[in-house]
Amino acid sequence: MMTPLALIAACFLDLIFGDPEGFPHPVVLMGRLIAGLEGFARSITHSSQGRRLAGIMITLFLVFLCYGLSLLLIHGAAGIHPVLGWGVAVFLAYTTLSARSLHQEADRVKRCLEQGRIEEARRFLSGIVGRETQDLTEQEIIRAAVETVSENTSDGVIAPLFYLLIGGPPAAMAYKAVSTLDSMLGYKHEHFRDLGWFPARFDDFANFIPARITGLLMVLGSLFLNLSAPGALRIMRRDGRKHDSPNAGIPEAAAAGALGVQLGGTNVYMGAARPKLHLGDPKRPLHVKCIREAVSLMYASSLLMIAFSVFIRFLLS
């Protein structure tokens, strides 16, 4: 469990440093391990059932490994000195949060669009979305940026804070393992259908509660940003289940309602067009400033979650 001070310190580290380039981030290490395990699994499995079993084994192995190593590091450091243990816990917690990096990546896209550099906007966008970006129009780039900021408000900020609250850094690191597995293996594509089946289902389970908390926080956050809180609540309730994912549609629909825009539509993944239902009503056209508003909504939701977490920790301490 994290103390209120440790949680606040971790959030400040994320706000100040984000994900520095060249930094040996745990998620990068997880990604390398997953890539190695995927290659090994494909070399020894030759059936659909075998690949599904391999996906289950990879997921459970990585989740328990990340949880166990985090616990070992914290307790080992605390055995040397309590302050060192506290510092390690804060550092691990910080690495699970992605508010600043999400802001920076979205802002790069926004600035490119403002300066008319649409090719660069597409290139920067490709680093934060799974869809193909090379042929996107300006409106489609804006939509993609707003959608990914909204979804990753849950995946990259609120969900880690939720797991930090209920299980401390080990639980949050285990969650990041699940999220990374899903981002690498959970594609709806023939190549990943079997190996990625369990990681995708596990990710759905892990994000079920955080996604709904995020939607509610976005409604509340809209009140402080001169956005539409009633619209956020109405669209979240109406359209939140229209998404392919049982979770991503909740924050995306809430953001669409708060901003008064329409999200969703056809995206291209690995050369295949995949139509999606629309979320929200087009009360106003998508504009570059919608990206800034989505980022502001991410920060407002994050601050509310931090305040809630600190309050709960004070009650329990």
# chains A, B, ... in the order shown; residues from 1 in each chain; ligands from 1
$ select_by_dssp --residues "stretch 41-242 of chain A" --states "alpha helix (DSSP H)" --output "PyMOL selection string"
chain A and resi 41-44+48-80+82-95+99-114+118-126+138-153+159-185+197-222+229-239
$ residues_around --residues "stretch 223-232 of chain A" --least-positions-apart "3" --cutoff "7 Å" --atoms "only C-alpha atoms" --output "count of residues only"
10
$ residues_around --residues "A:Ala121" --least-positions-apart "5" --cutoff "8 Å" --atoms "only C-alpha atoms" --output "PDB file with C-alpha atoms, in the first residue's frame"
ATOM      1  CA  ARG A 108       3.153  17.309 -30.879  1.00  0.00           C
ATOM      2  CA  VAL A 109       0.268  16.328 -33.126  1.00  0.00           C
ATOM      3  CA  LYS A 110      -1.644  19.495 -32.244  1.00  0.00           C
ATOM      4  CA  CYS A 112       1.973  20.148 -36.311  1.00  0.00           C
ATOM      5  CA  LEU A 113      -1.644  20.640 -37.350  1.00  0.00           C
ATOM      6  CA  ILE A 141      -6.098  13.008 -37.198  1.00  0.00           C
TER       7      ILE A 141
END
$ closest_atom_pairs --of "stretch 170-225 of chain A" --to "stretch 55-63 of chain A" --cutoff "12 Å" --atoms "only C-alpha atoms" --output "CSV"
residue,atom,partner,partner_atom,distance
A:Pro170,CA,A:Val63,CA,9.7
A:Ala171,CA,A:Val63,CA,9.1
A:Ala172,CA,A:Val63,CA,10.3
A:Met173,CA,A:Val63,CA,8.1
A:Ala174,CA,A:Val63,CA,4.9
A:Tyr175,CA,A:Val63,CA,7.5
A:Lys176,CA,A:Val63,CA,8.6
A:Ala177,CA,A:Val63,CA,5.7
A:Val178,CA,A:Val63,CA,6.7
A:Ser179,CA,A:Val63,CA,10.1
A:Thr180,CA,A:Leu62,CA,10.1
A:Leu181,CA,A:Thr59,CA,7.1
A:Asp182,CA,A:Thr59,CA,9.4
A:Met184,CA,A:Gly55,CA,11.6
A:Leu185,CA,A:Gly55,CA,8.7
A:Gly186,CA,A:Gly55,CA,9.9
A:Phe192,CA,A:Gly55,CA,9.8
A:Arg193,CA,A:Gly55,CA,10.2
A:Asp194,CA,A:Gly55,CA,7.5
A:Leu195,CA,A:Gly55,CA,4.6
A:Gly196,CA,A:Gly55,CA,6.0
A:Trp197,CA,A:Gly55,CA,7.0
A:Phe198,CA,A:Ile56,CA,5.6
A:Pro199,CA,A:Thr59,CA,6.1
A:Ala200,CA,A:Gly55,CA,9.7
A:Arg201,CA,A:Ile56,CA,10.2
A:Phe202,CA,A:Thr59,CA,8.4
A:Asp203,CA,A:Thr59,CA,10.1
A:Ala206,CA,A:Val63,CA,11.6
$ write_last_selection --atoms "C-alpha atoms" --output "short mmCIF file (atom, residue, chain, number, x, y, z; two decimals), in the first residue's frame"
data_model
loop_
_atom_site.label_atom_id
_atom_site.label_comp_id
_atom_site.auth_asym_id
_atom_site.auth_seq_id
_atom_site.Cartn_x
_atom_site.Cartn_y
_atom_site.Cartn_z
CA PRO A 170 3.38 -4.24 -7.23
CA ALA A 171 -0.28 -4.25 -8.29
CA ALA A 172 0.24 -1.26 -10.60
CA MET A 173 3.28 -2.93 -12.19
CA ALA A 174 1.26 -6.12 -12.70
CA TYR A 175 -1.42 -4.01 -14.37
CA LYS A 176 1.17 -2.44 -16.70
CA ALA A 177 2.25 -5.96 -17.65
CA VAL A 178 -1.34 -6.79 -18.63
CA SER A 179 -1.70 -3.54 -20.56
CA THR A 180 1.59 -4.04 -22.41
CA LEU A 181 0.66 -7.62 -23.30
CA ASP A 182 -2.63 -6.42 -24.76
CA MET A 184 1.52 -6.13 -28.28
CA LEU A 185 -0.54 -9.31 -28.65
CA GLY A 186 -4.19 -8.32 -28.32
CA PHE A 192 -2.70 -12.68 -33.09
CA ARG A 193 -6.11 -14.33 -32.80
CA ASP A 194 -4.99 -17.27 -30.65
CA LEU A 195 -1.84 -16.07 -28.90
CA GLY A 196 -3.45 -12.74 -28.03
CA TRP A 197 -6.84 -14.12 -26.99
CA PHE A 198 -6.12 -14.40 -23.26
CA PRO A 199 -4.07 -11.17 -22.95
CA ALA A 200 -6.96 -9.26 -24.54
CA ARG A 201 -9.55 -10.86 -22.25
CA PHE A 202 -7.38 -10.27 -19.18
CA ASP A 203 -6.92 -6.63 -20.17
CA ALA A 206 -8.31 -5.43 -15.51
#
$ residues_around --residues "stretch 98-101 of chain A" --least-positions-apart "5" --cutoff "12 Å" --atoms "only C-alpha atoms" --output "MDAnalysis selection string"
chainID A and resid 10:21 25 27 93 106:108 127:128 149:150 152:161 176 295:303
$ closest_residue --among "A:Tyr269, A:Phe205, A:Tyr163, A:Tyr94" --to "A:Ile8" --atoms "only C-alpha atoms"
A:Tyr94
$ closest_residue --among "A:Pro275, A:Asp239, A:Glu138, A:Asn247" --to "A:His287" --atoms "only C-alpha atoms"
A:Glu138
$ residues_around --residues "stretch 71-87 of chain A" --least-positions-apart "6" --cutoff "9 Å" --atoms "only C-alpha atoms" --output "list in words"
Met2, Ala6, Pro169 and Pro170 of chain A
$ atom_distance --atom1 "atom CA of A:Phe311" --atom2 "atom CA of A:Leu165"
10.5 Å
